[in-house]
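As provided, query_20.cif (mmCIF, C-alpha atoms) reads as follows.
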data_final
loop_
_atom_site.label_atom_id
_atom_site.label_comp_id
_atom_site.auth_asym_id
_atom_site.auth_seq_id
_atom_site.Cartn_x
_atom_site.Cartn_y
_atom_site.Cartn_z
CA MET A 1 -7.22 27.59 28.70
CA TYR A 2 -5.67 24.29 27.57
CA MET A 3 -5.66 22.58 24.20
CA LYS A 4 -7.29 19.14 24.23
CA CYS A 5 -5.13 16.66 22.35
CA ILE A 6 -6.40 13.18 21.43
CA ILE A 7 -3.83 10.74 20.14
CA ASN A 8 -5.36 7.73 18.43
CA GLY A 9 -2.88 5.06 17.51
CA GLY A 10 -4.58 1.80 18.33
CA ILE A 11 -5.03 2.88 21.94
CA LYS A 12 -6.74 6.25 22.40
CA LYS A 13 -4.91 8.68 24.69
CA SER A 14 -6.20 12.09 25.66
CA ARG A 15 -4.34 14.96 27.30
CA LYS A 16 -4.67 18.67 27.96
CA MET A 17 -1.73 20.89 27.19
CA ASN A 18 -0.61 24.45 26.71
CA PHE A 19 0.38 24.92 23.11
CA ASN A 20 0.63 27.63 20.49
CA GLY A 21 2.25 26.76 17.17
CA THR A 22 1.81 24.79 13.97
CA VAL A 23 0.65 21.18 13.61
CA LYS A 24 4.18 20.20 12.59
CA GLU A 25 5.61 21.82 15.75
CA LEU A 26 3.07 19.98 17.91
CA LEU A 27 3.96 16.63 16.33
CA ASP A 28 7.68 17.34 16.81
CA LYS A 29 7.01 18.22 20.45
CA LEU A 30 5.11 14.94 20.95
CA GLY A 31 7.75 12.94 19.05
CA ILE A 32 5.27 11.80 16.40
CA CYS A 33 6.35 11.45 12.74
CA ASP A 34 4.09 13.57 10.52
CA GLN A 35 4.28 10.90 7.78
CA ILE A 36 2.11 8.39 9.61
CA VAL A 37 -0.69 10.55 11.00
CA VAL A 38 -3.63 12.68 9.92
CA VAL A 39 -4.42 15.64 12.17
CA LYS A 40 -7.87 17.12 12.77
CA ARG A 41 -8.43 20.49 14.40
CA ASN A 42 -11.93 20.78 15.89
CA GLY A 43 -13.04 17.87 13.69
CA ARG A 44 -11.57 19.13 10.39
CA ILE A 45 -8.45 17.78 8.69
CA VAL A 46 -5.64 20.36 8.56
CA THR A 47 -2.17 20.59 7.01
CA GLU A 48 1.04 20.49 9.04
CA PHE A 49 1.42 24.27 8.54
CA ASP A 50 -1.93 25.21 10.11
CA ARG A 51 -1.66 26.92 13.46
CA LEU A 52 -3.13 25.57 16.67
CA SER A 53 -4.11 27.39 19.81
CA ASP A 54 -5.17 26.63 23.36
CA SER A 55 -8.88 26.65 22.59
CA ASP A 56 -8.57 23.88 19.96
CA THR A 57 -9.41 20.20 20.22
CA VAL A 58 -6.78 18.37 18.19
CA GLU A 59 -7.04 14.74 17.14
CA ILE A 60 -3.96 12.94 15.89
CA GLN A 61 -4.92 9.71 14.11
CA GLN A 62 -2.28 7.17 13.15
CA VAL A 63 -3.12 5.96 9.63
CA ILE A 64 0.04 4.08 8.66
CA PHE A 65 0.94 0.91 10.50
CA GLY A 66 2.32 -1.49 7.98
CA GLY A 67 1.48 -5.03 7.11
CA MET B 1 0.06 36.65 5.96
CA ALA B 2 2.79 34.08 5.58
CA LYS B 3 3.90 32.20 2.51
CA ILE B 4 4.46 28.46 2.20
CA ASP B 5 6.14 27.85 -1.15
CA GLY B 6 3.84 30.18 -3.00
CA THR B 7 0.66 29.30 -1.12
CA LEU B 8 -0.70 32.23 0.86
CA THR B 9 -1.63 31.35 4.40
CA SER B 10 -3.22 33.21 7.23
CA ALA B 11 -1.77 32.80 10.70
CA ARG B 12 -4.45 30.20 11.37
CA GLN B 13 -5.47 28.49 8.15
CA VAL B 14 -3.58 27.28 5.07
CA ARG B 15 -5.54 27.91 1.86
CA CYS B 16 -5.93 25.83 -1.32
CA ALA B 17 -3.58 27.00 -4.08
CA LEU B 18 -6.33 26.48 -6.66
CA CYS B 19 -9.51 27.89 -5.07
CA ASN B 20 -8.44 29.60 -1.82
CA THR B 21 -10.77 27.52 0.38
CA LYS B 22 -9.45 25.71 3.47
CA ALA B 23 -6.64 23.32 2.58
CA ILE B 24 -6.47 19.80 4.00
CA VAL B 25 -3.08 18.76 2.64
CA TYR B 26 0.25 20.23 1.64
CA LEU B 27 2.14 18.44 -1.15
CA PRO B 28 5.85 19.28 -0.80
CA TYR B 29 6.86 17.98 -4.24
CA SER B 30 4.41 20.28 -6.06
CA ARG B 31 4.82 22.99 -3.44
CA ARG B 32 1.13 23.60 -3.01
CA ALA B 33 -1.66 23.06 -0.54
CA LEU B 34 -5.01 21.65 -1.73
CA CYS B 35 -8.59 21.57 -0.45
CA LYS B 36 -10.60 18.33 -0.25
CA LYS B 37 -12.12 18.67 -3.74
CA HIS B 38 -8.86 19.45 -5.52
CA PHE B 39 -6.91 16.84 -3.57
CA LEU B 40 -9.37 14.04 -4.49
CA HIS B 41 -9.25 15.14 -8.11
CA SER B 42 -5.45 15.27 -8.01
CA VAL B 43 -5.13 11.69 -6.71
CA GLU B 44 -7.62 10.32 -9.25
CA SER B 45 -5.93 12.19 -12.11
CA ARG B 46 -2.50 10.83 -11.17
CA VAL B 47 -3.81 7.25 -10.93
CA LYS B 48 -5.52 7.54 -14.32
CA ARG B 49 -2.36 9.03 -15.82
CA THR B 50 -0.29 6.11 -14.44
CA ILE B 51 -2.77 3.62 -15.94
CA ARG B 52 -2.54 5.32 -19.35
CA ARG B 53 1.22 5.84 -19.25
CA TYR B 54 1.98 2.19 -18.51
CA GLN B 55 -0.90 0.89 -20.68
CA MET B 56 -2.19 -1.08 -17.72
CA LEU B 57 -5.68 -1.65 -19.07
CA ASP B 58 -5.03 -1.89 -22.81
CA ASN B 59 -7.24 -4.73 -24.13
CA ALA B 60 -8.30 -5.62 -20.57
CA ARG B 61 -11.66 -7.35 -20.22
CA HIS B 62 -11.77 -8.41 -16.58
CA ILE B 63 -9.80 -6.99 -13.65
CA ALA B 64 -9.48 -8.88 -10.38
CA VAL B 65 -8.71 -6.38 -7.64
CA ALA B 66 -6.72 -7.90 -4.78
CA VAL B 67 -8.32 -6.35 -1.72
CA SER B 68 -7.31 -6.71 1.91
CA GLY B 69 -9.72 -4.21 3.45
CA GLY B 70 -6.86 -1.73 3.92
CA LYS B 71 -6.71 1.81 2.58
CA ASP B 72 -4.53 0.99 -0.44
CA SER B 73 -6.59 -1.83 -1.88
CA LEU B 74 -9.93 -0.12 -1.20
CA THR B 75 -8.66 3.03 -2.91
CA THR B 76 -7.47 0.92 -5.88
CA LEU B 77 -10.90 -0.71 -6.07
CA TYR B 78 -12.77 2.59 -5.77
CA ILE B 79 -10.78 4.39 -8.49
CA LEU B 80 -10.72 1.39 -10.85
CA ASN B 81 -14.48 1.17 -10.48
CA GLN B 82 -14.73 4.73 -11.84
CA ILE B 83 -12.70 3.67 -14.89
CA ALA B 84 -13.94 0.12 -15.48
CA ALA B 85 -17.66 0.76 -15.86
CA PRO B 86 -17.43 3.33 -18.72
CA ALA B 87 -14.72 1.23 -20.42
CA LYS B 88 -16.97 -1.87 -20.14
CA ILE B 89 -14.31 -3.74 -18.18
CA LYS B 90 -15.57 -6.26 -15.63
CA LEU B 91 -14.34 -5.79 -12.07
CA THR B 92 -14.23 -8.39 -9.31
CA ALA B 93 -12.76 -7.94 -5.86
CA ILE B 94 -10.87 -10.88 -4.35
CA ILE B 95 -9.99 -10.97 -0.68
CA VAL B 96 -7.73 -13.57 0.89
CA ASP B 97 -8.62 -14.51 4.44
CA GLU B 98 -5.30 -15.53 6.01
CA GLY B 99 -7.03 -16.45 9.26
CA ILE B 100 -5.83 -13.70 11.59
CA LYS B 101 -8.51 -13.43 14.28
CA GLY B 102 -9.55 -9.92 15.29
CA TYR B 103 -7.76 -8.39 12.30
CA ARG B 104 -8.68 -9.80 8.90
CA ASP B 105 -12.26 -10.79 9.81
CA LYS B 106 -13.00 -7.15 10.67
CA MET B 107 -11.48 -5.99 7.37
CA ILE B 108 -13.51 -8.52 5.39
CA GLU B 109 -16.67 -6.96 6.80
CA GLU B 110 -15.46 -3.46 5.86
CA THR B 111 -14.63 -4.68 2.34
CA ARG B 112 -18.05 -6.29 2.01
CA ARG B 113 -19.68 -2.96 2.96
CA ILE B 114 -17.66 -1.02 0.34
CA CYS B 115 -18.24 -3.62 -2.39
CA GLU B 116 -22.00 -3.52 -1.77
CA LYS B 117 -21.93 0.29 -1.82
CA ILE B 118 -20.16 0.52 -5.19
CA GLY B 119 -21.74 -2.58 -6.71
CA VAL B 120 -18.67 -4.82 -7.16
CA GLN B 121 -18.74 -8.57 -6.64
CA LEU B 122 -16.55 -9.84 -3.79
CA ASN B 123 -14.95 -13.31 -3.82
CA ILE B 124 -13.41 -14.64 -0.61
CA CYS B 125 -10.59 -17.23 -0.57
CA SER B 126 -8.92 -18.58 2.54
CA PHE B 127 -5.53 -19.91 3.64
CA LYS B 128 -7.29 -22.71 5.50
CA GLU B 129 -8.93 -24.01 2.31
CA GLU B 130 -6.06 -23.38 -0.12
CA ILE B 131 -3.04 -23.96 2.10
CA GLY B 132 -4.32 -26.03 5.00
CA PHE B 133 -3.13 -23.63 7.74
CA THR B 134 -4.27 -20.25 9.03
CA MET B 135 -1.72 -17.50 9.66
CA ASP B 136 -2.57 -17.74 13.38
CA GLU B 137 -1.48 -21.40 13.32
CA ILE B 138 1.67 -20.61 11.33
CA ALA B 139 2.63 -17.71 13.60
CA HIS B 140 2.35 -19.92 16.67
CA ALA B 141 4.73 -22.53 15.26
CA ASP B 142 8.30 -22.54 16.62
CA LYS B 143 9.88 -19.20 15.63
CA GLU B 144 13.36 -20.68 15.62
CA GLN B 145 12.40 -23.33 13.08
CA ARG B 146 10.24 -21.39 10.66
CA GLU B 147 10.55 -18.40 8.29
CA VAL B 148 9.22 -14.97 9.32
CA SER B 149 5.42 -14.73 9.07
CA CYS B 150 5.50 -12.28 6.14
CA THR B 151 7.33 -14.83 3.96
CA TYR B 152 4.50 -17.37 4.27
CA CYS B 153 1.83 -14.71 3.92
CA GLY B 154 3.38 -13.13 0.81
CA VAL B 155 4.03 -16.41 -1.03
CA PHE B 156 0.64 -17.93 -0.17
CA ARG B 157 -1.31 -14.77 -0.99
CA ARG B 158 0.36 -14.41 -4.41
CA TRP B 159 -0.29 -18.05 -5.23
CA ILE B 160 -3.97 -17.88 -4.17
CA LEU B 161 -4.62 -14.57 -5.93
CA ASN B 162 -3.14 -15.73 -9.22
CA LYS B 163 -5.15 -18.96 -9.14
CA ALA B 164 -8.39 -17.26 -8.05
CA ALA B 165 -8.04 -14.52 -10.69
CA ARG B 166 -7.36 -17.05 -13.44
CA GLU B 167 -10.32 -19.20 -12.38
CA ILE B 168 -12.76 -16.30 -12.81
CA GLY B 169 -11.27 -15.44 -16.22
CA ALA B 170 -9.54 -12.22 -15.15
CA ASP B 171 -6.75 -10.91 -17.39
CA ARG B 172 -5.37 -8.44 -14.82
CA ILE B 173 -4.74 -8.50 -11.09
CA ALA B 174 -4.71 -4.98 -9.63
CA VAL B 175 -2.77 -4.62 -6.40
CA GLY B 176 -2.59 -1.63 -4.07
CA HIS B 177 1.18 -1.06 -4.05
CA ASN B 178 1.88 2.62 -3.49
CA LEU B 179 4.91 4.87 -3.90
CA ASP B 180 6.11 4.09 -0.37
CA ASP B 181 5.96 0.34 -1.07
CA VAL B 182 8.01 0.92 -4.22
CA ILE B 183 10.78 2.92 -2.56
CA GLN B 184 10.87 0.56 0.42
CA SER B 185 11.34 -2.38 -1.94
CA TYR B 186 13.98 -0.39 -3.82
CA LEU B 187 15.99 0.32 -0.69
CA MET B 188 15.52 -3.21 0.68
CA ASN B 189 16.77 -4.71 -2.58
CA VAL B 190 19.78 -2.42 -2.56
CA LEU B 191 20.55 -3.33 1.06
CA ARG B 192 20.18 -7.04 0.26
CA ASN B 193 22.07 -6.70 -3.03
CA GLU B 194 19.30 -8.26 -5.11
CA PRO B 195 19.29 -6.15 -8.29
CA SER B 196 17.56 -8.78 -10.44
CA ARG B 197 14.47 -8.57 -8.22
CA LEU B 198 14.34 -4.82 -8.78
CA ALA B 199 14.29 -5.35 -12.52
CA ARG B 200 10.98 -7.16 -12.11
CA PHE B 201 9.35 -4.63 -9.79
CA GLY B 202 7.68 -2.30 -12.25
CA PRO B 203 4.20 -0.77 -12.55
CA VAL B 204 3.16 -3.80 -14.60
CA GLY B 205 4.49 -7.02 -13.10
CA GLY B 206 5.25 -10.54 -14.22
CA ILE B 207 8.32 -11.69 -16.09
CA ILE B 208 6.85 -14.73 -17.76
CA ASP B 209 4.23 -14.62 -20.51
CA ASP B 210 2.13 -17.64 -19.84
CA GLU B 211 -1.60 -18.16 -19.67
CA LYS B 212 -1.20 -19.47 -16.13
CA PHE B 213 0.19 -16.12 -14.95
CA VAL B 214 -2.28 -13.26 -14.67
CA LYS B 215 -0.63 -9.91 -15.37
CA ARG B 216 -0.27 -7.69 -12.29
CA ILE B 217 -0.87 -3.96 -12.39
CA ARG B 218 -0.10 -1.35 -9.74
CA PRO B 219 -2.33 1.70 -10.38
CA LEU B 220 -1.26 3.49 -7.15
CA PHE B 221 2.41 3.19 -8.08
CA THR B 222 3.01 6.97 -8.00
CA ILE B 223 0.86 7.92 -4.99
CA PRO B 224 2.49 8.34 -1.54
CA GLU B 225 0.99 6.19 1.22
CA LYS B 226 -0.11 9.09 3.39
CA GLU B 227 -2.06 10.61 0.50
CA ILE B 228 -3.85 7.29 0.01
CA ALA B 229 -4.80 7.22 3.70
CA LEU B 230 -6.19 10.73 3.37
CA TYR B 231 -8.04 9.81 0.18
CA ALA B 232 -9.58 6.74 1.85
CA ILE B 233 -10.77 8.82 4.82
CA LEU B 234 -12.22 11.58 2.64
CA ARG B 235 -14.05 9.08 0.37
CA GLY B 236 -15.47 7.23 3.39
CA LEU B 237 -13.62 4.02 2.50
CA LYS B 238 -11.77 3.78 5.79
CA SER B 239 -12.06 5.25 9.27
CA ASP B 240 -10.33 2.75 11.56
CA PHE B 241 -6.69 1.98 10.88
CA GLY B 242 -4.56 -0.74 12.39
CA GLY B 243 -1.62 -2.98 11.68
CA CYS B 244 -1.16 -6.70 11.14
CA PRO B 245 -0.22 -8.29 14.50
CA TYR B 246 2.59 -10.28 12.86
CA VAL B 247 4.27 -7.50 10.89
CA GLU B 248 6.96 -6.65 13.43
CA GLU B 249 8.96 -9.70 12.48
CA ALA B 250 9.78 -8.23 9.08
CA PHE B 251 12.57 -6.00 7.74
CA ARG B 252 10.18 -3.71 5.86
CA PRO B 253 8.88 -1.74 8.90
CA VAL B 254 12.46 -0.77 9.77
CA VAL B 255 12.99 0.59 6.25
CA ARG B 256 9.56 2.26 6.31
CA ASN B 257 10.30 4.10 9.57
CA PHE B 258 13.69 5.17 8.26
CA LEU B 259 12.18 6.63 5.08
CA ASN B 260 9.35 8.34 6.97
CA ASP B 261 11.85 10.01 9.31
CA LEU B 262 13.90 11.14 6.32
CA GLU B 263 10.84 12.56 4.55
CA SER B 264 9.79 14.39 7.69
CA LYS B 265 13.21 16.04 8.03
CA TYR B 266 13.92 16.47 4.31
CA PRO B 267 10.61 16.87 2.41
CA SER B 268 10.43 15.35 -1.11
CA THR B 269 13.04 12.68 -0.25
CA LYS B 270 10.53 9.96 -1.12
CA LEU B 271 9.77 11.40 -4.54
CA LYS B 272 13.47 11.82 -5.30
CA LEU B 273 14.09 8.20 -4.32
CA PHE B 274 11.14 7.15 -6.48
CA SER B 275 12.60 9.05 -9.47
CA SER B 276 15.92 7.33 -8.82
CA PHE B 277 14.14 3.96 -8.79
CA ILE B 278 12.42 4.67 -12.14
CA GLU B 279 15.82 5.40 -13.75
CA MET B 280 17.54 2.42 -12.12
CA GLN B 281 14.69 0.10 -12.97
CA LYS B 282 15.01 0.91 -16.70
CA ILE B 283 18.73 0.13 -16.59
CA LEU B 284 18.26 -3.08 -14.63
CA GLU B 285 15.34 -4.22 -16.79
CA GLU B 286 17.56 -3.84 -19.84
CA LYS B 287 20.41 -5.68 -18.14
CA TYR B 288 18.26 -8.63 -17.05
CA LYS B 289 15.98 -8.69 -20.11
CA GLU B 290 18.17 -11.25 -21.81
CA ALA B 291 17.97 -13.61 -18.88
CA TYR B 292 14.17 -13.31 -18.81
CA SER B 293 13.79 -13.73 -22.56
CA ASP B 294 15.79 -16.93 -22.21
CA ILE B 295 13.24 -18.10 -19.66
CA ASN B 296 10.34 -17.22 -21.97
CA GLU B 297 11.90 -18.79 -25.05
CA ASP B 298 13.11 -21.92 -23.39
CA ALA B 299 9.92 -23.64 -22.32
CA ALA B 300 11.95 -26.29 -20.54
CA MET B 301 12.98 -23.71 -17.95
CA ILE B 302 9.36 -23.08 -16.98
CA LYS B 303 8.21 -26.07 -15.05
CA GLU B 304 4.95 -27.07 -13.54
CA CYS B 305 5.16 -27.67 -9.83
CA SER B 306 5.04 -31.41 -9.24
CA SER B 307 2.63 -30.90 -6.37
CA CYS B 308 0.18 -28.11 -7.35
CA ASN B 309 0.73 -27.89 -11.15
CA GLU B 310 1.16 -24.12 -11.01
CA LEU B 311 4.15 -22.64 -12.85
CA SER B 312 7.45 -22.70 -11.05
CA SER B 313 11.14 -22.24 -11.77
CA SER B 314 11.91 -25.47 -9.91
CA SER B 315 10.23 -28.85 -9.58
CA LEU B 316 8.50 -27.76 -6.37
CA CYS B 317 7.12 -24.21 -6.18
CA LYS B 318 7.81 -21.98 -3.20
CA ARG B 319 4.25 -22.36 -1.90
CA CYS B 320 4.47 -26.16 -1.86
CA GLU B 321 7.98 -26.09 -0.41
CA LEU B 322 6.78 -23.92 2.48
CA ILE B 323 3.74 -26.14 3.07
CA LYS B 324 5.98 -29.22 3.14
CA ASP B 325 8.24 -27.58 5.75
CA LEU B 326 5.26 -26.41 7.79
CA LYS B 327 3.73 -29.88 7.86
CA ALA B 328 7.01 -31.32 9.10
CA LEU B 329 7.26 -28.56 11.71
CA MET B 330 3.69 -29.06 12.95
CA ARG B 331 4.27 -32.82 13.36
CA ARG B 332 7.20 -32.28 15.73
#
Let me see the file written as structure tokens.
Amino acid sequence: MYMKCIINGGIKKSRKMNFNGTVKELLDKLGICDQIVVVKRNGRIVTEFDRLSDSDTVEIQQVIFGG
Amino acid sequence: MAKIDGTLTSARQVRCALCNTKAIVYLPYSRRALCKKHFLHSVESRVKRTIRRYQMLDNARHIAVAVSGGKDSLTTLYILNQIAAPAKIKLTAIIVDEGIKGYRDKMIEETRRICEKIGVQLNICSFKEEIGFTMDEIAHADKEQREVSCTYCGVFRRWILNKAAREIGADRIAVGHNLDDVIQSYLMNVLRNEPSRLARFGPVGGIIDDEKFVKRIRPLFTIPEKEIALYAILRGLKSDFGGCPYVEEAFRPVVRNFLNDLESKYPSTKLKLFSSFIEMQKILEEKYKEAYSDINEDAAMIKECSSCNELSSSSLCKRCELIKDLKALMRR
């Protein structure tokens, strides 16, 4: 089983990955700053301390761009 | 069960510190996680507290809300609308169309939708009409010869907003500056060694008391940018986010990224910097008060721009000076 991860920062990217850990750990792994994104797990907004697992669909939406 | 600063969490789901339902945000400075309902209430309470604390709406009759279609200004508009109606204060949204194809036109449509939904009148002004150039035209002028795009945009927007607000009889202009904007400006002013500018950057802006200047208020002054983004999503004000195509030329994004990285590694850094700013601002305001009172008392120091008749500290205001340079540049 793989976690589906959608990264939406202007251009939408989707990938499947093996991951077990918190939202914050996932963002660190992907090199994304937690200050500029909102994360949804299976369609619901979660905190950076919520845990993720392989069966989840995770959407990372960039909400801070500047300008 | 694990503990995050007093908030009980399961292995899978963080819970709201107030009602134990699923949390959607963790606020490091208050060391608690909140659910949607309590988070929305928390943001609105803090904004209302800021408005009361800095007497932003005392004797206000008509607020012009400077909207861009972004999360900050739409949140400002939405929360002010909750306050204005019961207080019998008139509210008008003003949007400035800088002429950035594929960016601002989309945001104008989003703003129109929100204004219709909450029943607020929307006035649209444009760079083309008020300045003579669109931002697309300015940005395509020779980069070596002109200022960075944000300089033109900032000066022109401020000039247009002040004039448009005054023309509809507004006695306040509400802008969407948030806590991140404040600390970025703080750090930028320190790095540029411009302390006098910091003295002017408070929750209620404007150094000169003159009927031509409409007082600026910043109701989101104490709310971090990410919380505003979350608020805008949860209230249905915003779903698509994007950046201005010309922003990369500026210094601010560098400072913003630096502060975001710091906050990520050392939570509550932003709030500590904000508290530092509040203390420093009081000291600087006191230090520069004399200089500003001289400006207010000595009417001769406040001039009318020889070109546009708006108030200016020199014979030609910054807006007209930039237009003059642009015209010369475009002729080449």
When the cut-off is 9 Å and we count only C-alpha atoms, which residues of chain B are near chain A, given as number ranges by chain?
-> B: 4, 9-14, 22-26, 33, 71, 150, 225-226, 229-230, 239-248, 252-253, 256-257, 260-261, 263-264
Would you mind listing what lies within 9 Å of Ser149 of chain B as a VMD selection string, with only C-alpha atoms counted and same-chain residues fewer than 6 positions away left out?
-> chain B and resid 135 138 to 139 246 to 247 249 to 250
Can you turn the PyMOL selection byres ((chain B and resi 82-84) around 12) into a concrete residue list for this file, as a PDB file with C-alpha atoms, in the frame of the given file?
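Final output, result18.pdb:
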ATOM      1  CA  GLU B  44      -7.620  10.320  -9.250  1.00  0.00           C
ATOM      2  CA  SER B  45      -5.930  12.190 -12.110  1.00  0.00           C
ATOM      3  CA  VAL B  47      -3.810   7.250 -10.930  1.00  0.00           C
ATOM      4  CA  LYS B  48      -5.520   7.540 -14.320  1.00  0.00           C
ATOM      5  CA  ARG B  49      -2.360   9.030 -15.820  1.00  0.00           C
ATOM      6  CA  ILE B  51      -2.770   3.620 -15.940  1.00  0.00           C
ATOM      7  CA  ARG B  52      -2.540   5.320 -19.350  1.00  0.00           C
ATOM      8  CA  MET B  56      -2.190  -1.080 -17.720  1.00  0.00           C
ATOM      9  CA  LEU B  57      -5.680  -1.650 -19.070  1.00  0.00           C
ATOM     10  CA  ASP B  58      -5.030  -1.890 -22.810  1.00  0.00           C
ATOM     11  CA  ASN B  59      -7.240  -4.730 -24.130  1.00  0.00           C
ATOM     12  CA  ALA B  60      -8.300  -5.620 -20.570  1.00  0.00           C
ATOM     13  CA  ARG B  61     -11.660  -7.350 -20.220  1.00  0.00           C
ATOM     14  CA  HIS B  62     -11.770  -8.410 -16.580  1.00  0.00           C
ATOM     15  CA  ILE B  63      -9.800  -6.990 -13.650  1.00  0.00           C
ATOM     16  CA  ALA B  64      -9.480  -8.880 -10.380  1.00  0.00           C
ATOM     17  CA  VAL B  65      -8.710  -6.380  -7.640  1.00  0.00           C
ATOM     18  CA  THR B  75      -8.660   3.030  -2.910  1.00  0.00           C
ATOM     19  CA  THR B  76      -7.470   0.920  -5.880  1.00  0.00           C
ATOM     20  CA  LEU B  77     -10.900  -0.710  -6.070  1.00  0.00           C
ATOM     21  CA  TYR B  78     -12.770   2.590  -5.770  1.00  0.00           C
ATOM     22  CA  ILE B  79     -10.780   4.390  -8.490  1.00  0.00           C
ATOM     23  CA  LEU B  80     -10.720   1.390 -10.850  1.00  0.00           C
ATOM     24  CA  ASN B  81     -14.480   1.170 -10.480  1.00  0.00           C
ATOM     25  CA  ALA B  85     -17.660   0.760 -15.860  1.00  0.00           C
ATOM     26  CA  PRO B  86     -17.430   3.330 -18.720  1.00  0.00           C
ATOM     27  CA  ALA B  87     -14.720   1.230 -20.420  1.00  0.00           C
ATOM     28  CA  LYS B  88     -16.970  -1.870 -20.140  1.00  0.00           C
ATOM     29  CA  ILE B  89     -14.310  -3.740 -18.180  1.00  0.00           C
ATOM     30  CA  LYS B  90     -15.570  -6.260 -15.630  1.00  0.00           C
ATOM     31  CA  LEU B  91     -14.340  -5.790 -12.070  1.00  0.00           C
ATOM     32  CA  THR B  92     -14.230  -8.390  -9.310  1.00  0.00           C
ATOM     33  CA  ILE B 118     -20.160   0.520  -5.190  1.00  0.00           C
ATOM     34  CA  GLY B 119     -21.740  -2.580  -6.710  1.00  0.00           C
ATOM     35  CA  VAL B 120     -18.670  -4.820  -7.160  1.00  0.00           C
ATOM     36  CA  PRO B 219      -2.330   1.700 -10.380  1.00  0.00           C
TER      37      PRO B 219
END
Run the PyMOL selection byres ((chain B and resi 196-202) around 6) on the file and write out the hits as a ChimeraX atom specification.
-> /B:194-195,203-205,281,284-285
Could you write out the selected residues, including C-alpha atoms, as an mmCIF file, keeping the file's coordinate frame?
data_model
loop_
_atom_site.group_PDB
_atom_site.id
_atom_site.type_symbol
_atom_site.label_atom_id
_atom_site.label_comp_id
_atom_site.auth_asym_id
_atom_site.auth_seq_id
_atom_site.Cartn_x
_atom_site.Cartn_y
_atom_site.Cartn_z
ATOM 1 C CA GLU B 194 19.300 -8.260 -5.110
ATOM 2 C CA PRO B 195 19.290 -6.150 -8.290
ATOM 3 C CA PRO B 203 4.200 -0.770 -12.550
ATOM 4 C CA VAL B 204 3.160 -3.800 -14.600
ATOM 5 C CA GLY B 205 4.490 -7.020 -13.100
ATOM 6 C CA GLN B 281 14.690 0.100 -12.970
ATOM 7 C CA LEU B 284 18.260 -3.080 -14.630
ATOM 8 C CA GLU B 285 15.340 -4.220 -16.790
#
Identify, on the basis of all atoms listed in the file, every residue whose closest approach to Lys303 of chain B does not exceed 10 Å; exclude the query and any residue fewer than 6 positions from it along the same chain; express the result as a ChimeraX atom specification.
-> /B:309-317
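Distance-wise, atom CA of Phe221 of chain B and atom CA of His177 of chain B end up 6.0 Å apart.
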Please identify all polymer residues within 7 Å of Asn18 of chain A, counting all atoms listed in the file, omitting same-chain residues fewer than 5 positions from it, and present them as a list in words.
->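 Residues meeting the cut-off are Tyr2, Met3 and Asp54 of chain A.
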How would the residues just picked look written out with C-alpha atoms as a PDB file, in the frame of the given file?
ATOM      1  CA  TYR A   2      -5.670  24.290  27.570  1.00  0.00           C
ATOM      2  CA  MET A   3      -5.660  22.580  24.200  1.00  0.00           C
ATOM      3  CA  ASP A  54      -5.170  26.630  23.360  1.00  0.00           C
TER       4      ASP A  54
END
Excluding same-chain residues fewer than 5 positions from Thr134 of chain B, what lies within 10 Å of it counting only C-alpha atoms, as a short mmCIF file (atom, residue, chain, number, x, y, z; two decimals) with C-alpha atoms, in the frame of the given file?
data_model
loop_
_atom_site.label_atom_id
_atom_site.label_comp_id
_atom_site.auth_asym_id
_atom_site.auth_seq_id
_atom_site.Cartn_x
_atom_site.Cartn_y
_atom_site.Cartn_z
CA ASP B 97 -8.62 -14.51 4.44
CA GLU B 98 -5.30 -15.53 6.01
CA GLY B 99 -7.03 -16.45 9.26
CA ILE B 100 -5.83 -13.70 11.59
CA LYS B 101 -8.51 -13.43 14.28
CA SER B 126 -8.92 -18.58 2.54
CA PHE B 127 -5.53 -19.91 3.64
CA LYS B 128 -7.29 -22.71 5.50
CA GLU B 129 -8.93 -24.01 2.31
CA ALA B 139 2.63 -17.71 13.60
CA CYS B 153 1.83 -14.71 3.92
#
What's the 7 Å shell around Ala66 of chain B, counting only C-alpha atoms, without same-chain residues fewer than 4 positions away, as a list in words?
->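 The residues satisfying every condition are Ser73, Ala93, Ile94, Ile95, Ile173, Ala174 and Val175 of chain B.
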Give me, please, the distance in Å between atom CA of Arg31 of chain B and atom CA of Tyr231 of chain B, quoted to one decimal.
-> 18.8 Å
Can you tell me how far atom CA of Ile6 of chain A sits from atom CA of Glu25 of chain A, in Å to one decimal?
->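 Taking atom CA of Ile6 of chain A as the start and atom CA of Glu25 of chain A as the end point, the length is 15.8 Å.
When all atoms listed in the file are used to compute distances to Ser55 of chain A, the closest of the residues A:Arg41, A:Ile7, A:Leu27, A:Lys12 turns out to be A:Arg41.
The smallest atom-to-atom distance between Ser185 of chain B and any of B:Asp210, B:Arg216, B:Phe277, B:Arg158, using all atoms listed in the file, is found for B:Phe277.
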Exactly which residues make up the result of the PyMOL selection byres ((chain B and resi 321) around 12) on this file, given as a ChimeraX atom specification?
-> /B:131,147,152,155-156,305-308,312,314-320,322-328
